[in-house]
Amino acid sequence: MSETAYRPLSNADAIAIARDITDLFDADAELQCQEIGDGNLNLVFRVFTNPVQGEPTKSIIIKQALPYAKVVGESWPLSLDRARIESEALVNQGTLVPHLVPKVYGYDKEMAYTIMEDLSDHVIMRKGLIEGHTYPIFAKHIADFMAYTLFYTSDLGMNQQEKKRMVERFINPDLCKITEDLIFDDPYTVSDNNNINPAIADAHEQLCKDETLQLEVMLLREKFLTQAQALLHGDLHTGSIFITPESTKVIDPEFAYFGPMGFDIGAVFANLLLNAAGQEYWICDEKNREEYRHYLVHTIKDIWNQFHDQFLQLWRAHGVDRLSHNQPYQELYMQRLLQDAAGYTGCKMIRRIVGLSHVADIDTIPDPKAKEQAERLALRIGTSLVNANRKLEQIDELLVICESAFKGVYTS
């Protein structure tokens, strides 16, 4: 079937597809379907058995790419090949950290859908954080996810020629273009893509005038465009993480491509800090809010420290490049990763305040004053991290920047 024969799936189509998963569904099972997609680019179907007393409900997810950005419409066309990229990225991640990603049951190239494990017993991490929940083993899980997936797709952890062939399979121009524009361009210009609260219009005007900040953004953008360091998830925010107190599952790697490792690390950090800013409204009690922000900021430190140690452990045990085992080189490499992570953290925070797509942590705050305060706080943290990224030497310096931005709101 050619791309011209592609069509969006219906609920009935999804049920018919599910019936082919014979190792999960009985031939005579009664199946129901709901379209549950709330993202910007895809249709997402949940197909499940009718509840029967004494038997667990069986279910799957079918995710289909649309040939355009759903958030904008058909005026923003996108290649359906991103469905293949997402499926292959999930499979690759599944070989490295199978306990941290959903199981993939199948992929259809012509109709651009992937069939995968249903994670309805988990919650979207963004929602859990807005509600003030804590996740004690998240730092280890996400640190392991990033250490394994980044190391084993880098020139440090795989044959360099095989890596170059793998880079070719993950060229992802349409979705990279979205990232390039929405993160590294639009927030610093007057763009129709921006979505700016009029109450902080002055802050956006300052972003457009700040040439020192824009220099740092351009250096980070240059790395995003040119540095094929490892296979990134590409969109590793708390809306792409399903979680329970005991389990973490990373989903939605359709933005996967070979880029700078710090981009994935920074995406995680940014979303924890955006939630910390949003707690200006969600937690009313000042002491409780301070404690929760302390938890979020120090989760960043835990993630970095565990990622740092796990990545170096993999490098020392399985590094394929003999000269890369030079200890001073390893120390410099990790420092550069930290600096990149800090810079991309800031870029991600800024775009979520003035760019096209915001985060519910702040955007759903109903009180205009609290929302403005949260937005300005997030911009203060984001711009500080972008400006400081090339000077950082230790993770504690990043924490100090965050704590300074919380001055009057946050105390370490």
# chains A, B, ... in the order shown; residues from 1 in each chain; ligands from 1
>>> select_by_dssp(residues="region 83-263 of chain A", states="helix (DSSP H, G or I)", output="PyMOL selection string")
chain A and resi 83-96+98-100+125-130+138-151+160-169+173-184+186-188+198-209+211-226+238-240+261-263
>>> write_last_selection(atoms="C-alpha atoms", output="short mmCIF file (atom, residue, chain, number, x, y, z; two decimals), in the first residue's frame")
data_model
loop_
_atom_site.label_atom_id
_atom_site.label_comp_id
_atom_site.auth_asym_id
_atom_site.auth_seq_id
_atom_site.Cartn_x
_atom_site.Cartn_y
_atom_site.Cartn_z
CA ALA A 83 6.04 6.12 12.93
CA ARG A 84 8.81 3.80 11.76
CA ILE A 85 11.38 5.84 13.65
CA GLU A 86 9.32 5.65 16.83
CA SER A 87 8.78 1.90 16.50
CA GLU A 88 12.47 1.21 15.84
CA ALA A 89 13.50 3.47 18.71
CA LEU A 90 11.18 1.61 21.10
CA VAL A 91 12.56 -1.72 19.95
CA ASN A 92 16.12 -0.48 20.38
CA GLN A 93 15.36 0.85 23.85
CA GLY A 94 13.60 -2.42 24.64
CA THR A 95 16.79 -4.37 23.98
CA LEU A 96 18.75 -2.13 26.36
CA PRO A 98 13.24 -3.59 28.64
CA HIS A 99 11.81 -2.80 32.07
CA LEU A 100 11.68 0.92 31.30
CA MET A 125 4.16 11.68 35.46
CA ARG A 126 3.21 15.28 34.73
CA LYS A 127 -0.21 14.68 36.30
CA GLY A 128 1.33 12.97 39.33
CA LEU A 129 3.73 15.86 39.90
CA ILE A 130 0.98 18.46 39.59
CA PHE A 138 12.38 7.65 39.48
CA ALA A 139 15.85 9.17 39.63
CA LYS A 140 17.51 5.76 39.31
CA HIS A 141 15.13 4.59 36.58
CA ILE A 142 15.51 7.64 34.35
CA ALA A 143 19.26 7.79 34.98
CA ASP A 144 19.56 4.15 33.89
CA PHE A 145 17.34 4.78 30.86
CA MET A 146 19.52 7.64 29.68
CA ALA A 147 22.85 6.01 30.56
CA TYR A 148 22.11 2.78 28.67
CA THR A 149 20.31 4.25 25.66
CA LEU A 150 22.83 7.05 25.17
CA PHE A 151 26.02 5.11 25.84
CA GLN A 160 31.60 3.54 14.83
CA GLN A 161 30.79 2.26 11.35
CA GLU A 162 27.65 0.51 12.58
CA LYS A 163 26.69 3.72 14.33
CA LYS A 164 26.98 5.70 11.08
CA ARG A 165 24.62 3.24 9.39
CA MET A 166 22.25 3.58 12.34
CA VAL A 167 22.36 7.39 12.05
CA GLU A 168 21.08 7.03 8.50
CA ARG A 169 18.00 5.09 9.69
CA PRO A 173 14.01 15.97 9.36
CA ASP A 174 10.33 16.87 9.91
CA LEU A 175 10.34 16.46 13.67
CA CYS A 176 13.84 17.90 14.04
CA LYS A 177 12.56 20.97 12.19
CA ILE A 178 9.81 21.33 14.79
CA THR A 179 12.40 21.24 17.56
CA GLU A 180 14.77 23.60 15.76
CA ASP A 181 12.07 26.23 15.25
CA LEU A 182 10.00 25.90 18.42
CA ILE A 183 12.92 25.67 20.86
CA PHE A 184 15.82 27.52 19.26
CA ASP A 186 10.57 31.23 17.75
CA PRO A 187 10.90 32.08 21.48
CA TYR A 188 13.47 34.77 20.64
CA PRO A 198 -0.05 39.13 27.58
CA ALA A 199 0.90 39.62 31.22
CA ILE A 200 4.49 38.61 30.42
CA ALA A 201 4.82 40.34 27.05
CA ASP A 202 7.60 42.47 28.51
CA ALA A 203 9.59 39.33 29.38
CA HIS A 204 9.32 38.10 25.80
CA GLU A 205 10.44 41.48 24.49
CA GLN A 206 13.54 41.13 26.65
CA LEU A 207 14.24 37.65 25.20
CA CYS A 208 14.12 39.18 21.71
CA LYS A 209 16.63 41.89 22.69
CA GLU A 211 21.98 39.17 22.39
CA THR A 212 24.08 37.54 25.13
CA LEU A 213 21.36 34.98 25.78
CA GLN A 214 20.82 34.46 22.05
CA LEU A 215 24.53 33.72 21.60
CA GLU A 216 24.25 30.83 24.05
CA VAL A 217 21.04 29.62 22.40
CA MET A 218 22.74 29.64 19.00
CA LEU A 219 25.68 27.62 20.31
CA LEU A 220 23.26 25.06 21.73
CA ARG A 221 21.28 25.07 18.49
CA GLU A 222 24.49 24.48 16.55
CA LYS A 223 25.14 21.33 18.58
CA PHE A 224 21.56 20.17 18.05
CA LEU A 225 22.01 20.61 14.30
CA THR A 226 25.46 19.09 13.93
CA THR A 238 7.15 14.21 32.02
CA GLY A 239 4.23 13.81 29.62
CA SER A 240 6.23 11.05 27.91
CA MET A 261 23.16 13.68 24.74
CA GLY A 262 22.59 16.71 26.93
CA PHE A 263 19.35 17.44 25.08
#
>>> atom_distance(atom1="CA of Ala228 (chain A)", atom2="CA of Asn387 (chain A)")
23.6 Å
>>> closest_residue(among="A:Leu398, A:Ile251, A:Leu156, A:Gly259", to="Ser324 (chain A)", atoms="only C-alpha atoms")
A:Leu156
>>> residues_around(residues="region 37-48 of chain A", least_positions_apart="6", cutoff="6 Å", atoms="only C-alpha atoms", output="CSV table (one decimal) with C-alpha atoms, in the first residue's frame")
chain,number,residue,atom,x,y,z
A,31,LEU,CA,-13.4,-5.9,22.3
A,58,LYS,CA,-6.6,-7.3,28.6
A,59,SER,CA,-5.7,-4.3,26.5
A,60,ILE,CA,-3.3,-2.8,24.0
A,61,ILE,CA,-2.5,0.6,22.6
A,62,ILE,CA,-2.4,1.4,18.8
A,63,LYS,CA,-0.7,4.7,18.0
A,64,GLN,CA,-1.0,6.0,14.4
A,65,ALA,CA,0.9,8.9,13.0
A,66,LEU,CA,-1.1,11.6,11.2
A,69,ALA,CA,0.6,18.2,13.0
A,70,LYS,CA,-2.8,17.8,14.8
A,71,VAL,CA,-2.2,20.9,16.9
>>> closest_residue(among="A:Pro8, A:Gly382, A:Pro368, A:Pro245", to="Glu110 (chain A)", atoms="only C-alpha atoms")
A:Pro8
>>> closest_residue(among="A:Gly132, A:Gly343, A:Pro328, A:Gly319", to="Pro260 (chain A)", atoms="only C-alpha atoms")
A:Gly343
>>> residues_around(residues="Thr299 (chain A)", least_positions_apart="5", cutoff="10 Å", atoms="only C-alpha atoms", output="VMD selection string")
chain A and resid 134 to 140 269 272 293 to 294 304 to 305
>>> write_last_selection(atoms="N, CA, C and O atoms", output="short mmCIF file (atom, residue, chain, number, x, y, z; two decimals), in the first residue's frame")
data_model
loop_
_atom_site.label_atom_id
_atom_site.label_comp_id
_atom_site.auth_asym_id
_atom_site.auth_seq_id
_atom_site.Cartn_x
_atom_site.Cartn_y
_atom_site.Cartn_z
N THR A 134 5.37 12.01 45.06
CA THR A 134 6.81 11.78 44.96
C THR A 134 7.06 10.36 44.45
O THR A 134 6.25 9.46 44.68
N TYR A 135 8.19 10.19 43.78
CA TYR A 135 8.51 8.91 43.15
C TYR A 135 9.95 8.55 43.53
O TYR A 135 10.90 8.96 42.86
N PRO A 136 10.12 7.77 44.58
CA PRO A 136 11.45 7.54 45.16
C PRO A 136 12.45 6.89 44.22
O PRO A 136 13.66 7.15 44.36
N ILE A 137 12.01 6.05 43.28
CA ILE A 137 12.99 5.36 42.44
C ILE A 137 13.04 5.94 41.02
O ILE A 137 13.74 5.42 40.17
N PHE A 138 12.35 7.05 40.81
CA PHE A 138 12.38 7.65 39.48
C PHE A 138 13.78 8.07 39.07
O PHE A 138 14.20 7.85 37.92
N ALA A 139 14.52 8.68 39.98
CA ALA A 139 15.85 9.17 39.63
C ALA A 139 16.73 8.04 39.10
O ALA A 139 17.41 8.18 38.08
N LYS A 140 16.71 6.89 39.77
CA LYS A 140 17.51 5.76 39.31
C LYS A 140 17.00 5.25 37.97
O LYS A 140 17.79 4.96 37.07
N PHE A 269 15.35 17.47 33.24
CA PHE A 269 15.57 18.51 34.25
C PHE A 269 14.55 19.64 34.08
O PHE A 269 13.97 20.14 35.07
N LEU A 272 11.02 18.92 35.45
CA LEU A 272 10.95 18.94 36.92
C LEU A 272 10.93 20.38 37.42
O LEU A 272 10.18 20.72 38.35
N ARG A 293 9.42 21.59 46.37
CA ARG A 293 10.41 22.13 45.45
C ARG A 293 11.81 21.60 45.78
O ARG A 293 12.61 21.32 44.88
N HIS A 294 12.09 21.47 47.05
CA HIS A 294 13.36 20.89 47.47
C HIS A 294 13.49 19.47 46.92
O HIS A 294 14.55 19.08 46.41
N TRP A 304 21.43 13.27 37.94
CA TRP A 304 22.74 13.51 37.34
C TRP A 304 23.80 12.59 37.94
O TRP A 304 24.58 11.97 37.23
N ASN A 305 23.83 12.51 39.28
CA ASN A 305 24.87 11.71 39.93
C ASN A 305 24.76 10.24 39.53
O ASN A 305 25.78 9.58 39.26
#
>>> select_by_dssp(residues="region 85-213 of chain A", states="strand (DSSP E or B)", output="ChimeraX atom specification")
/A:104-108,113-117,123-124
>>> atom_distance(atom1="CA of Gly106 (chain A)", atom2="CA of Ala230 (chain A)")
25.0 Å
>>> closest_atom_pairs(of="region 330-377 of chain A", to="region 274-285 of chain A", cutoff="7 Å", atoms="only C-alpha atoms", output="JSON lines")
{"residue": "A:Met349", "atom": "CA", "partner": "A:Leu274", "partner_atom": "CA", "distance": 6.6}
{"residue": "A:Asp361", "atom": "CA", "partner": "A:Gly278", "partner_atom": "CA", "distance": 5.3}
{"residue": "A:Ile362", "atom": "CA", "partner": "A:Gly278", "partner_atom": "CA", "distance": 4.8}
{"residue": "A:Ile365", "atom": "CA", "partner": "A:Tyr281", "partner_atom": "CA", "distance": 6.7}
{"residue": "A:Ala370", "atom": "CA", "partner": "A:Tyr281", "partner_atom": "CA", "distance": 5.8}
{"residue": "A:Ala374", "atom": "CA", "partner": "A:Ala277", "partner_atom": "CA", "distance": 5.0}
{"residue": "A:Leu377", "atom": "CA", "partner": "A:Ala277", "partner_atom": "CA", "distance": 6.1}
>>> write_last_selection(atoms="N, CA and C atoms", output="PDB file, in the first residue's frame")
ATOM      1  N   MET A 349      12.812  25.191  29.087  1.00  0.00           N
ATOM      2  CA  MET A 349      11.932  25.950  29.980  1.00  0.00           C
ATOM      3  C   MET A 349      11.396  27.198  29.294  1.00  0.00           C
ATOM      4  N   ASP A 361       1.491  21.943  33.903  1.00  0.00           N
ATOM      5  CA  ASP A 361       1.951  22.344  35.236  1.00  0.00           C
ATOM      6  C   ASP A 361       1.730  23.836  35.479  1.00  0.00           C
ATOM      7  N   ILE A 362       1.889  24.629  34.428  1.00  0.00           N
ATOM      8  CA  ILE A 362       1.736  26.082  34.537  1.00  0.00           C
ATOM      9  C   ILE A 362       0.527  26.573  33.746  1.00  0.00           C
ATOM     10  N   ILE A 365      -3.010  26.647  35.382  1.00  0.00           N
ATOM     11  CA  ILE A 365      -3.229  27.413  36.609  1.00  0.00           C
ATOM     12  C   ILE A 365      -4.355  28.416  36.357  1.00  0.00           C
ATOM     13  N   ALA A 370      -1.080  34.012  39.975  1.00  0.00           N
ATOM     14  CA  ALA A 370      -0.198  32.883  40.271  1.00  0.00           C
ATOM     15  C   ALA A 370       0.428  32.344  38.988  1.00  0.00           C
ATOM     16  N   ALA A 374       4.414  32.111  38.176  1.00  0.00           N
ATOM     17  CA  ALA A 374       5.043  30.848  37.807  1.00  0.00           C
ATOM     18  C   ALA A 374       5.783  30.985  36.475  1.00  0.00           C
ATOM     19  N   LEU A 377       8.932  33.010  36.989  1.00  0.00           N
ATOM     20  CA  LEU A 377       9.901  32.200  37.725  1.00  0.00           C
ATOM     21  C   LEU A 377      10.573  31.200  36.796  1.00  0.00           C
TER      22      LEU A 377
END
>>> residues_around(residues="Lys301 (chain A)", least_positions_apart="5", cutoff="8 Å", atoms="only C-alpha atoms", output="number ranges by chain")
A: 395-396, 399
>>> atom_distance(atom1="CA of Val400 (chain A)", atom2="CA of Arg380 (chain A)")
13.1 Å
>>> residues_around(residues="Thr383 (chain A)", least_positions_apart="6", cutoff="8 Å", atoms="only C-alpha atoms", output="MDAnalysis selection string")
chainID A and resid 213 346:347 350
>>> residues_around(residues="Thr345 (chain A)", least_positions_apart="6", cutoff="8 Å", atoms="only C-alpha atoms", output="JSON, numbers by chain")
{"A": [263, 265, 266, 267, 268, 269, 270, 382, 385, 386]}
>>> write_last_selection(atoms="all heavy atoms", output="PDB file, in the first residue's frame")
ATOM      1  N   PHE A 263      20.710  17.012  25.421  1.00  0.00           N
ATOM      2  CA  PHE A 263      19.352  17.438  25.084  1.00  0.00           C
ATOM      3  C   PHE A 263      18.323  16.590  25.822  1.00  0.00           C
ATOM      4  O   PHE A 263      17.343  17.113  26.358  1.00  0.00           O
ATOM      5  CB  PHE A 263      19.134  17.358  23.572  1.00  0.00           C
ATOM      6  CG  PHE A 263      17.835  17.953  23.122  1.00  0.00           C
ATOM      7  CD1 PHE A 263      17.687  19.325  23.010  1.00  0.00           C
ATOM      8  CD2 PHE A 263      16.756  17.145  22.801  1.00  0.00           C
ATOM      9  CE1 PHE A 263      16.487  19.883  22.595  1.00  0.00           C
ATOM     10  CE2 PHE A 263      15.554  17.686  22.390  1.00  0.00           C
ATOM     11  CZ  PHE A 263      15.411  19.061  22.288  1.00  0.00           C
ATOM     12  N   ILE A 265      18.899  14.799  28.618  1.00  0.00           N
ATOM     13  CA  ILE A 265      19.070  15.041  30.052  1.00  0.00           C
ATOM     14  C   ILE A 265      18.404  16.358  30.437  1.00  0.00           C
ATOM     15  O   ILE A 265      17.672  16.449  31.432  1.00  0.00           O
ATOM     16  CB  ILE A 265      20.570  15.053  30.417  1.00  0.00           C
ATOM     17  CG1 ILE A 265      21.244  13.754  29.988  1.00  0.00           C
ATOM     18  CG2 ILE A 265      20.748  15.268  31.919  1.00  0.00           C
ATOM     19  CD1 ILE A 265      22.763  13.803  30.020  1.00  0.00           C
ATOM     20  N   GLY A 266      18.627  17.383  29.638  1.00  0.00           N
ATOM     21  CA  GLY A 266      18.040  18.684  29.914  1.00  0.00           C
ATOM     22  C   GLY A 266      16.528  18.682  29.850  1.00  0.00           C
ATOM     23  O   GLY A 266      15.865  19.422  30.594  1.00  0.00           O
ATOM     24  N   ALA A 267      15.959  17.861  28.978  1.00  0.00           N
ATOM     25  CA  ALA A 267      14.498  17.790  28.891  1.00  0.00           C
ATOM     26  C   ALA A 267      13.896  17.290  30.202  1.00  0.00           C
ATOM     27  O   ALA A 267      12.871  17.801  30.672  1.00  0.00           O
ATOM     28  CB  ALA A 267      14.086  16.889  27.742  1.00  0.00           C
ATOM     29  N   VAL A 268      14.520  16.288  30.799  1.00  0.00           N
ATOM     30  CA  VAL A 268      14.044  15.781  32.088  1.00  0.00           C
ATOM     31  C   VAL A 268      14.172  16.854  33.157  1.00  0.00           C
ATOM     32  O   VAL A 268      13.221  17.136  33.910  1.00  0.00           O
ATOM     33  CB  VAL A 268      14.819  14.518  32.498  1.00  0.00           C
ATOM     34  CG1 VAL A 268      14.383  14.046  33.886  1.00  0.00           C
ATOM     35  CG2 VAL A 268      14.612  13.399  31.482  1.00  0.00           C
ATOM     36  N   PHE A 269      15.345  17.469  33.242  1.00  0.00           N
ATOM     37  CA  PHE A 269      15.565  18.514  34.251  1.00  0.00           C
ATOM     38  C   PHE A 269      14.546  19.644  34.084  1.00  0.00           C
ATOM     39  O   PHE A 269      13.971  20.136  35.067  1.00  0.00           O
ATOM     40  CB  PHE A 269      16.973  19.093  34.116  1.00  0.00           C
ATOM     41  CG  PHE A 269      18.089  18.161  34.513  1.00  0.00           C
ATOM     42  CD1 PHE A 269      19.404  18.576  34.395  1.00  0.00           C
ATOM     43  CD2 PHE A 269      17.838  16.886  34.986  1.00  0.00           C
ATOM     44  CE1 PHE A 269      20.454  17.738  34.752  1.00  0.00           C
ATOM     45  CE2 PHE A 269      18.882  16.028  35.340  1.00  0.00           C
ATOM     46  CZ  PHE A 269      20.197  16.461  35.217  1.00  0.00           C
ATOM     47  N   ALA A 270      14.335  20.083  32.851  1.00  0.00           N
ATOM     48  CA  ALA A 270      13.453  21.222  32.592  1.00  0.00           C
ATOM     49  C   ALA A 270      12.045  20.965  33.089  1.00  0.00           C
ATOM     50  O   ALA A 270      11.409  21.848  33.680  1.00  0.00           O
ATOM     51  CB  ALA A 270      13.430  21.542  31.099  1.00  0.00           C
ATOM     52  N   GLY A 382      15.201  29.470  33.516  1.00  0.00           N
ATOM     53  CA  GLY A 382      15.628  29.065  32.179  1.00  0.00           C
ATOM     54  C   GLY A 382      16.720  29.961  31.625  1.00  0.00           C
ATOM     55  O   GLY A 382      17.745  29.479  31.125  1.00  0.00           O
ATOM     56  N   LEU A 385      20.084  29.453  33.429  1.00  0.00           N
ATOM     57  CA  LEU A 385      20.787  28.222  33.061  1.00  0.00           C
ATOM     58  C   LEU A 385      21.402  28.323  31.674  1.00  0.00           C
ATOM     59  O   LEU A 385      22.513  27.833  31.436  1.00  0.00           O
ATOM     60  CB  LEU A 385      19.828  27.034  33.140  1.00  0.00           C
ATOM     61  CG  LEU A 385      19.420  26.611  34.549  1.00  0.00           C
ATOM     62  CD1 LEU A 385      18.345  25.523  34.504  1.00  0.00           C
ATOM     63  CD2 LEU A 385      20.627  26.112  35.341  1.00  0.00           C
ATOM     64  N   VAL A 386      20.693  28.933  30.739  1.00  0.00           N
ATOM     65  CA  VAL A 386      21.266  29.113  29.400  1.00  0.00           C
ATOM     66  C   VAL A 386      22.522  29.978  29.487  1.00  0.00           C
ATOM     67  O   VAL A 386      23.563  29.650  28.915  1.00  0.00           O
ATOM     68  CB  VAL A 386      20.239  29.741  28.439  1.00  0.00           C
ATOM     69  CG1 VAL A 386      20.903  30.126  27.116  1.00  0.00           C
ATOM     70  CG2 VAL A 386      19.101  28.762  28.176  1.00  0.00           C
TER      71      VAL A 386
END
